[in-house]
>>> print(open('work26.txt').read())   # compact mmCIF, C-alpha atoms
# COMPACT_ATOMS: atom_id res chain seq x y z
CA MET R 23 -6.90 -33.56 -3.56
CA ALA R 24 -9.86 -35.81 -3.01
CA GLY R 25 -12.90 -36.73 -5.04
CA GLY R 26 -13.45 -37.99 -8.54
CA GLY R 27 -10.89 -40.77 -8.09
CA LEU R 28 -8.11 -38.25 -8.61
CA SER R 29 -6.30 -38.41 -5.27
CA SER R 30 -3.96 -41.18 -6.42
CA LEU R 31 -2.50 -38.82 -9.02
CA VAL R 32 -1.37 -36.24 -6.48
CA THR R 33 1.14 -36.15 -3.64
CA MET R 34 1.61 -33.08 -1.49
CA THR R 35 3.46 -31.66 1.47
CA ALA R 36 1.72 -32.08 4.81
CA LYS R 37 1.81 -28.35 5.59
CA HIS R 38 2.50 -24.97 4.05
CA LEU R 39 6.27 -24.40 4.05
CA GLY R 40 7.48 -21.04 5.31
CA SER R 41 10.62 -19.11 6.14
CA GLY R 42 13.56 -21.31 7.05
CA SER R 43 12.18 -24.36 5.27
CA VAL R 44 14.01 -26.37 2.64
CA CYS R 45 12.38 -26.94 -0.72
CA PRO R 46 11.66 -30.67 -1.16
CA PRO R 47 13.68 -32.39 -3.91
CA LEU R 48 11.94 -32.73 -7.24
CA ALA R 49 11.58 -36.17 -8.80
CA ASP R 50 12.92 -36.48 -12.35
CA GLY R 51 10.22 -35.84 -14.92
CA LEU R 52 7.44 -35.26 -12.38
CA LEU R 53 5.41 -32.09 -12.75
CA ARG R 54 5.28 -30.00 -9.57
CA CYS R 55 2.88 -27.25 -8.61
CA TYR R 56 3.86 -24.76 -5.91
CA SER R 57 0.65 -23.52 -4.42
CA MET R 58 -1.30 -22.19 -1.47
CA LYS R 59 -4.48 -24.01 -0.48
CA TYR R 60 -6.64 -20.89 -0.09
CA CYS R 61 -5.43 -18.92 -3.12
CA PRO R 62 -8.05 -18.60 -5.89
CA TYR R 63 -5.39 -18.02 -8.55
CA ALA R 64 -3.56 -21.19 -7.57
CA GLN R 65 -6.86 -23.07 -7.52
CA ARG R 66 -7.13 -22.42 -11.24
CA ALA R 67 -4.07 -24.57 -11.86
CA HIS R 68 -5.40 -27.34 -9.60
CA LEU R 69 -8.70 -27.38 -11.48
CA VAL R 70 -6.95 -27.85 -14.82
CA LEU R 71 -4.57 -30.47 -13.44
CA ALA R 72 -7.54 -32.37 -12.04
CA ALA R 73 -9.57 -32.05 -15.24
CA LYS R 74 -6.62 -33.41 -17.24
CA LYS R 75 -5.84 -36.11 -14.65
CA VAL R 76 -2.16 -35.11 -14.66
CA LYS R 77 0.11 -36.89 -12.19
CA HIS R 78 1.97 -34.28 -10.16
CA ASP R 79 3.09 -33.27 -6.73
CA VAL R 80 2.15 -30.17 -4.76
CA VAL R 81 4.30 -28.08 -2.45
CA TRP R 82 2.16 -25.84 -0.27
CA VAL R 83 3.75 -22.46 0.46
CA ASN R 84 3.06 -20.10 3.35
CA LEU R 85 2.50 -16.77 1.60
CA LYS R 86 2.38 -14.82 4.86
CA ASN R 87 5.84 -16.11 5.84
CA LYS R 88 7.45 -16.88 2.50
CA PRO R 89 10.50 -19.15 2.26
CA SER R 90 13.51 -17.58 0.56
CA TRP R 91 13.59 -20.35 -2.05
CA LEU R 92 10.16 -19.26 -3.35
CA PHE R 93 11.75 -16.18 -4.91
CA GLU R 94 14.17 -18.42 -6.79
CA LYS R 95 11.12 -20.05 -8.41
CA ASN R 96 9.24 -16.80 -9.03
CA PRO R 97 10.82 -13.39 -8.38
CA LEU R 98 7.34 -12.06 -7.60
CA GLY R 99 6.96 -14.54 -4.75
CA LYS R 100 3.51 -15.66 -5.92
CA VAL R 101 1.79 -18.94 -6.75
CA PRO R 102 0.92 -20.99 -8.74
CA ILE R 103 4.28 -22.05 -10.12
CA LEU R 104 4.92 -25.09 -12.29
CA GLU R 105 8.31 -26.82 -12.26
CA GLN R 106 9.48 -29.74 -14.35
CA ASN R 107 12.96 -30.83 -15.42
CA GLY R 108 14.56 -27.59 -14.32
CA LYS R 109 12.00 -25.37 -16.08
CA LEU R 110 9.69 -22.94 -14.30
CA MET R 111 6.45 -21.19 -15.22
CA PHE R 112 4.21 -18.87 -13.23
CA GLU R 113 1.09 -16.68 -13.61
CA SER R 114 -2.16 -18.64 -13.44
CA LEU R 115 -3.49 -18.00 -16.95
CA ALA R 116 -0.16 -18.83 -18.60
CA VAL R 117 0.12 -21.98 -16.48
CA CYS R 118 -3.39 -23.14 -17.38
CA ASP R 119 -2.96 -22.44 -21.09
CA TYR R 120 0.27 -24.44 -21.06
CA LEU R 121 -1.41 -27.36 -19.34
CA ASP R 122 -4.22 -27.34 -21.87
CA GLU R 123 -1.75 -27.61 -24.75
CA MET R 124 0.65 -30.00 -23.08
CA TYR R 125 -2.09 -32.39 -21.93
CA PRO R 126 -4.69 -32.11 -24.70
CA ASN R 127 -7.35 -34.45 -23.31
CA PRO R 128 -9.88 -33.26 -22.55
CA PRO R 129 -9.44 -30.00 -24.46
CA LEU R 130 -10.61 -27.05 -22.39
CA HIS R 131 -10.29 -24.23 -24.90
CA PRO R 132 -12.63 -24.14 -27.90
CA SER R 133 -11.02 -25.34 -31.14
CA ASP R 134 -12.40 -22.34 -33.02
CA PRO R 135 -9.92 -19.43 -32.73
CA TRP R 136 -12.69 -16.82 -32.47
CA GLU R 137 -14.52 -18.71 -29.72
CA LYS R 138 -11.24 -19.24 -27.89
CA GLY R 139 -10.54 -15.52 -28.07
CA VAL R 140 -14.02 -14.69 -26.78
CA ASP R 141 -13.58 -17.04 -23.82
CA LYS R 142 -10.22 -15.48 -22.99
CA MET R 143 -11.89 -12.08 -23.21
CA PHE R 144 -14.49 -13.13 -20.66
CA VAL R 145 -11.79 -14.45 -18.32
CA GLU R 146 -10.38 -10.90 -18.32
CA VAL R 147 -13.86 -9.39 -17.94
CA PHE R 148 -14.37 -11.49 -14.81
CA THR R 149 -12.13 -9.04 -12.95
CA LYS R 150 -15.37 -7.03 -12.74
CA VAL R 151 -16.47 -9.73 -10.29
CA SER R 152 -13.22 -10.89 -8.69
CA GLY R 153 -11.85 -7.37 -8.16
CA PRO R 154 -14.81 -6.16 -6.06
CA MET R 155 -14.88 -9.49 -4.21
CA LEU R 156 -11.25 -9.06 -3.15
CA LYS R 157 -12.06 -5.52 -1.99
CA ILE R 158 -14.75 -6.98 0.25
CA PHE R 159 -12.29 -9.43 1.76
CA PHE R 160 -9.48 -6.95 2.34
CA ASN R 161 -11.26 -3.77 3.43
CA MET R 162 -12.26 -4.73 6.94
CA GLY R 163 -13.77 -1.87 8.89
CA ASN R 164 -14.68 0.09 5.76
CA GLY R 165 -18.33 -0.71 5.34
CA GLU R 166 -18.85 1.93 2.66
CA VAL R 167 -16.19 0.41 0.39
CA GLN R 168 -17.48 -3.08 1.06
CA ALA R 169 -21.10 -2.17 0.30
CA LYS R 170 -20.13 -0.52 -2.98
CA SER R 171 -17.89 -3.45 -3.85
CA CYS R 172 -20.78 -5.86 -3.25
CA GLU R 173 -22.96 -3.93 -5.69
CA ASP R 174 -20.08 -3.71 -8.19
CA MET R 175 -19.64 -7.48 -7.92
CA LYS R 176 -23.29 -8.03 -8.81
CA VAL R 177 -23.05 -5.66 -11.78
CA GLY R 178 -20.08 -7.70 -12.99
CA MET R 179 -22.03 -10.91 -12.50
CA ASP R 180 -24.84 -9.44 -14.64
CA ILE R 181 -22.48 -9.69 -17.62
CA PHE R 182 -22.00 -13.42 -17.04
CA GLU R 183 -25.70 -14.02 -16.43
CA ALA R 184 -26.42 -12.49 -19.84
CA GLU R 185 -23.60 -14.38 -21.56
CA HIS R 186 -24.66 -17.71 -20.09
CA MET R 187 -28.23 -17.10 -21.27
CA LYS R 188 -26.95 -16.17 -24.73
CA ARG R 189 -24.94 -19.39 -25.03
CA GLY R 190 -27.83 -21.55 -23.87
CA THR R 191 -25.55 -24.37 -22.70
CA LYS R 192 -25.10 -26.08 -19.34
CA TYR R 193 -21.61 -24.64 -18.91
CA PHE R 194 -19.86 -21.77 -20.63
CA GLY R 195 -17.79 -24.48 -22.31
CA GLY R 196 -20.85 -26.39 -23.56
CA ASN R 197 -22.00 -29.73 -22.16
CA THR R 198 -18.86 -29.99 -20.02
CA PRO R 199 -16.85 -27.28 -18.24
CA GLY R 200 -14.26 -25.49 -20.33
CA MET R 201 -11.38 -23.18 -19.52
CA LEU R 202 -13.65 -20.19 -18.91
CA ASP R 203 -15.70 -22.18 -16.40
CA TYR R 204 -12.61 -23.27 -14.49
CA MET R 205 -10.93 -19.86 -14.57
CA ILE R 206 -13.89 -18.13 -12.91
CA TRP R 207 -14.90 -20.95 -10.57
CA PRO R 208 -12.57 -20.11 -7.62
CA TRP R 209 -14.45 -16.85 -7.03
CA ALA R 210 -17.86 -18.50 -7.47
CA GLU R 211 -16.78 -20.96 -4.77
CA ARG R 212 -16.15 -18.03 -2.43
CA LEU R 213 -19.55 -16.35 -2.90
CA GLU R 214 -20.81 -17.93 0.33
CA LEU R 215 -17.90 -16.30 2.14
CA VAL R 216 -19.08 -12.92 0.81
CA GLN R 217 -22.51 -13.74 2.20
CA MET R 218 -21.03 -14.65 5.60
CA ILE R 219 -19.25 -11.28 5.67
CA MET R 220 -21.89 -9.03 4.13
CA GLY R 221 -25.14 -10.73 5.12
CA GLU R 222 -28.06 -12.26 3.27
CA ASP R 223 -28.55 -9.26 0.95
CA SER R 224 -25.17 -9.98 -0.65
CA ALA R 225 -26.35 -13.33 -2.03
CA LEU R 226 -27.05 -13.83 -5.71
CA SER R 227 -30.82 -13.65 -5.95
CA PRO R 228 -32.69 -16.26 -8.04
CA GLN R 229 -34.64 -13.47 -9.70
CA ARG R 230 -31.53 -11.66 -10.94
CA PHE R 231 -29.13 -14.56 -11.44
CA PRO R 232 -31.05 -17.77 -12.21
CA ARG R 233 -28.55 -18.94 -14.83
CA MET R 234 -25.46 -18.36 -12.70
CA ILE R 235 -27.05 -20.03 -9.68
CA GLN R 236 -27.81 -23.13 -11.75
CA TRP R 237 -24.33 -23.00 -13.32
CA LYS R 238 -22.82 -22.99 -9.84
CA LYS R 239 -24.88 -26.05 -8.86
CA ASP R 240 -23.78 -27.83 -12.04
CA MET R 241 -20.14 -26.98 -11.42
CA LEU R 242 -20.32 -28.50 -7.94
CA ILE R 243 -20.86 -31.98 -9.41
CA ASP R 244 -17.87 -31.77 -11.77
CA ASP R 245 -15.00 -34.09 -10.82
CA ALA R 246 -12.30 -31.40 -11.04
CA VAL R 247 -14.33 -29.05 -8.85
CA ILE R 248 -15.03 -31.83 -6.35
CA ALA R 249 -11.29 -32.55 -6.24
CA THR R 250 -10.35 -28.95 -5.40
CA TYR R 251 -13.40 -27.69 -3.53
CA LEU R 252 -13.23 -26.14 -0.07
CA PRO R 253 -16.51 -25.40 1.74
CA PRO R 254 -17.28 -21.85 2.90
CA GLU R 255 -16.58 -22.79 6.52
CA THR R 256 -13.02 -23.74 5.54
CA HIS R 257 -12.49 -20.46 3.71
CA ALA R 258 -13.90 -18.63 6.73
CA ASN R 259 -11.56 -20.51 9.07
CA PHE R 260 -8.64 -19.29 6.97
CA PHE R 261 -9.65 -15.69 7.63
CA THR R 262 -9.80 -16.40 11.36
CA THR R 263 -6.09 -17.29 11.27
CA PHE R 264 -5.24 -13.63 10.70
CA GLU R 265 -4.02 -11.69 13.74
CA THR R 266 -7.59 -10.56 14.27
CA ASP R 267 -10.82 -12.14 13.08
CA PRO R 268 -11.82 -9.12 10.95
CA TYR R 269 -15.36 -10.26 10.17
CA ASN R 270 -16.09 -12.11 13.43
CA LEU R 271 -16.40 -15.25 11.36
CA ARG R 272 -15.71 -17.46 14.36
CA ALA R 273 -19.14 -16.52 15.67
CA LYS R 274 -20.75 -17.53 12.37
CA LEU R 275 -19.18 -20.97 12.02
>>> encode(input="work26.txt", output="structure tokens")
Amino acid sequence: MAGGGLSSLVTMTAKHLGSGSVCPPLADGLLRCYSMKYCPYAQRAHLVLAAKKVKHDVVWVNLKNKPSWLFEKNPLGKVPILEQNGKLMFESLAVCDYLDEMYPNPPLHPSDPWEKGVDKMFVEVFTKVSGPMLKIFFNMGNGEVQAKSCEDMKVGMDIFEAEHMKRGTKYFGGNTPGMLDYMIWPWAERLELVQMIMGEDSALSPQRFPRMIQWKKDMLIDDAVIATYLPPETHANFFTTFETDPYNLRAKL
């Protein structure tokens, strides 16, 4: 990680470890996060770790060529995974909730139980945005599905535009980003990738989404976001590592 003066808190493997690799030894007491650099779900954990300024190490994992030891950490073979003192935890929302309780400063969930429940509700509702976005990414050659998914994504974003306006705050969490902001950010970061794939019409228009566009600009100056951010060109380059370049992104870089 870089940015926000946070890089000194993090050590990481030089590359994504795949089949045939050996899992690096874990230092006593040190929190470890098993991750994949381009995974939005894993990015959630990195955002919270950065916001809390938690010292930890990162082991990058090749999810297209998974090492056998990954399944010993998580039988589902997914990231993020936390490990500390022989204990393991996975699933991004559970991981982030744990981190918020274990490292209470700054608190990311609202202290009011009702408000906390509402924020968790909206994290779930965001699947109305993230679900269609993933369909765009993984339905190459099916323009009809992608076009519908793009419209579905915007309908989902309408919900968050209205909620942000209702709250009347800079972030969903108030004057500073909260858990809801960080849990939905990884997909907001990838909106430019949608635009690269689908064209200019896929962008969030200022007329329809003025609040969410400003929210995105405000998030980009947050230290935790700066520490975990990857530009759209980097996300696009990841897609060009597939056997084919499904969206001809090389030509757009």
>>> axis_aligned_box(input="work26.txt", around="segment 152-169 of chain R", padding_each_side="6 Å", output="JSON")
{"center_x": -15.3, "center_y": -4.5, "center_z": 0.1, "size_x": 23.6, "size_y": 24.8, "size_z": 29.6}
>>> residues_around(input="work26.txt", residues="segment 181-195 of chain R", least_positions_apart="6", cutoff="10 Å", atoms="all atoms listed in the file", output="VMD selection string")
chain R and resid 130 to 132 137 141 144 147 to 148 150 to 151 201 to 204 230 to 238 240 to 241
>>> closest_residue(input="work26.txt", among="R:Ser114, R:Ser227, R:Gln106, R:Ser30", to="His68 of chain R", atoms="all atoms listed in the file")
R:Ser114
>>> atom_distance(input="work26.txt", atom1="atom CA of Val32 of chain R", atom2="atom CA of Ala210 of chain R")
24.2 Å
>>> atom_distance(input="work26.txt", atom1="atom CA of Glu113 of chain R", atom2="atom CA of Gln217 of chain R")
28.6 Å
>>> atom_distance(input="work26.txt", atom1="atom CA of Gly200 of chain R", atom2="atom CA of Thr35 of chain R")
28.8 Å
